[in-house]
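S.K.: Okay, here's the structure, questions in a sec.
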Amino acid sequence: MEIVSQDMPLFLAPGFDWFRKVIHSTKIHVCSHCKFDEDPRYNRLLFAGPHGKQQFSIPLIGETKKGKLSDVMISYSENWHNQLINALRTAYGKSPFYEYYDYKLEPIIKSKEPYLAQFNLAVIRFLMDAFKIKASLIETDSEPVELNQNVISESYYQVFADRNGFYPNLSALDYLFNEGWDKDWSDNNLSNL
């Protein structure tokens, strides 16, 4: 039976609020051709590092931010991709599952993909593969659904929680690197996250 998701925002490494909406979908509609509204979640990654909750923003080319998301271009005037890899390595290098996934994520970060939407699609495909979600992604121009940003209700292991406390509602990368994934989405394991 075909189950089509609502139009999902094409955020960079979204949190579990995004994945909860598509758990049982066979087709996931993502809004890559809608108007770019400068929501920071399109190019910002939230993670827990040694100094607490951190964010990393991918720089964008300003003049491309006036139209559709699919036309927004990433700036490579700085070596942000190496900075992001180093930030993730610092935050998660000692996490139990980082080494199982970093070698698959780093080529995506280093790809120098010119368009933000395509970069985000590649990261989401990486996460879907890690979480064993077997749906296809379909790009649309419909306005995306609103997502609740406060959905994590139970804590899980985080590398620096002993010194900083637990940080909820981070990128799904945080959960993946700290807890791994061997669950079946169909058994609703996400209901407690």
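Each chain in the structure tokens gets a letter, A, B, ..., in the order shown, and its residues are numbered from 1; ligands are numbered from 1 in order too.
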Can you tell me which residues surround Glu143 in chain A at a distance of at most 9 Å, considering only C-alpha atoms, apart from same-chain residues fewer than 4 positions away, and format the answer as a PyMOL selection string?
M.R.: chain A and resi 7-9+31+34-35
S.K.: DSSP on the backbone: what in range 113-142 of chain A comes out alpha helix (DSSP H), as JSON, numbers by chain?
M.R.: {"A": [116, 117, 118, 119, 120, 121, 122, 123, 124, 125, 126, 127, 128, 129, 130]}
S.K.: Counting only C-alpha atoms, which of A:Lys104, A:Lys112, A:Lys94, A:Arg44 gets nearest to Ile74 in chain A?
M.R.: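 Of A:Lys104, A:Lys112, A:Lys94, A:Arg44, the one nearest Ile74 in chain A is A:Lys112, counting only C-alpha atoms.
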S.K.: Taking the chain letters and numbering used in this document, name the residues of range 56-191 of chain A that DSSP puts in strand (DSSP E or B), as a VMD selection string.
M.R.: chain A and resid 56 to 57 60 68 73 to 74 115 136 to 140
S.K.: Could you please take those selected residues and save C-alpha atoms as a PDB file, in the first residue's frame?
M.R.:
```
ATOM      1  CA  PHE A  56      27.000  25.122  12.629  1.00  0.00           C
ATOM      2  CA  SER A  57      25.638  27.207   9.755  1.00  0.00           C
ATOM      3  CA  LEU A  60      25.051  30.742   1.543  1.00  0.00           C
ATOM      4  CA  LYS A  68      13.185  29.208  -4.632  1.00  0.00           C
ATOM      5  CA  MET A  73      23.654  28.237  -3.546  1.00  0.00           C
ATOM      6  CA  ILE A  74      26.240  27.283  -0.945  1.00  0.00           C
ATOM      7  CA  TYR A 115      22.934  23.882  -4.262  1.00  0.00           C
ATOM      8  CA  SER A 136      11.513   7.532  -2.056  1.00  0.00           C
ATOM      9  CA  LEU A 137      12.005  11.298  -1.912  1.00  0.00           C
ATOM     10  CA  ILE A 138       9.938  13.360  -4.329  1.00  0.00           C
ATOM     11  CA  GLU A 139      10.741  17.046  -4.806  1.00  0.00           C
ATOM     12  CA  THR A 140       7.729  19.388  -4.872  1.00  0.00           C
TER      13      THR A 140
END
```
S.K.: Ranking A:Ala13, A:Phe119, A:Val159, A:Gly165 by minimum distance to Tyr98 in chain A and counting only C-alpha atoms, which one comes first?
M.R.: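 Residue with the minimum atom-to-atom distance to Tyr98 in chain A: A:Val159.
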S.K.: From the set A:Ala130, A:Pro168, A:Leu121, A:Gln54, which residue has the shortest atom-to-atom contact distance to Ala91 in chain A, counting only C-alpha atoms?
M.R.: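 Distance minimum relative to Ala91 in chain A lands on A:Gln54.
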S.K.: Residues at most 12 Å from Pro114 in chain A, counting only C-alpha atoms, excluding those fewer than 6 positions away in the same chain, as number ranges by chain?
M.R.: A: 58-61, 64, 70-77, 108, 120
S.K.: Would you list the contacts of Phe19 in chain A as a short mmCIF file (atom, residue, chain, number, x, y, z; two decimals) with C-alpha atoms, in the first residue's frame, taking every protein, DNA or RNA residue within 10 Å and counting only C-alpha atoms, but skipping same-chain residues closer than 3 positions in sequence?
M.R.:
```cif
data_model
loop_
_atom_site.label_atom_id
_atom_site.label_comp_id
_atom_site.auth_asym_id
_atom_site.auth_seq_id
_atom_site.Cartn_x
_atom_site.Cartn_y
_atom_site.Cartn_z
CA MET A 8 8.18 18.11 4.33
CA PRO A 14 16.52 17.49 10.56
CA GLY A 15 15.51 16.27 14.00
CA PHE A 16 13.13 13.48 14.91
CA VAL A 22 7.44 10.10 7.55
CA ILE A 23 7.90 6.87 9.53
CA HIS A 24 5.36 4.83 7.56
CA ILE A 124 18.53 13.24 4.44
CA LEU A 127 19.96 9.52 7.49
CA MET A 128 17.14 7.56 5.86
CA PHE A 131 17.54 4.62 9.93
CA ILE A 133 13.67 4.08 5.92
CA ALA A 172 19.01 13.31 14.16
CA TRP A 185 10.54 2.08 12.44
CA LEU A 190 10.31 7.07 18.00
#
```
S.K.: With distances taken over only C-alpha atoms, which residue among A:Ala48, A:Ile28, A:Ala161, A:Val4 lies nearest Tyr92 in chain A?
M.R.: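 Ranking A:Ala48, A:Ile28, A:Ala161, A:Val4 by distance to Tyr92 in chain A, first place goes to A:Ala48.
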S.K.: What's the 10 Å shell around Glu2 in chain A, counting only C-alpha atoms, without same-chain residues fewer than 4 positions away, as a VMD selection string?
M.R.: chain A and resid 24 to 27 135
S.K.: What does the file look like for those residues with C-alpha atoms, as a PDB file, in the first residue's frame?
M.R.:
```pdb
ATOM      1  CA  HIS A  24       5.364   4.832   7.559  1.00  0.00           C
ATOM      2  CA  SER A  25       5.595   6.664   4.231  1.00  0.00           C
ATOM      3  CA  THR A  26       6.533   4.944   1.014  1.00  0.00           C
ATOM      4  CA  LYS A  27       6.921   8.319  -0.720  1.00  0.00           C
ATOM      5  CA  ALA A 135      10.819   5.532   1.067  1.00  0.00           C
TER       6      ALA A 135
END
```
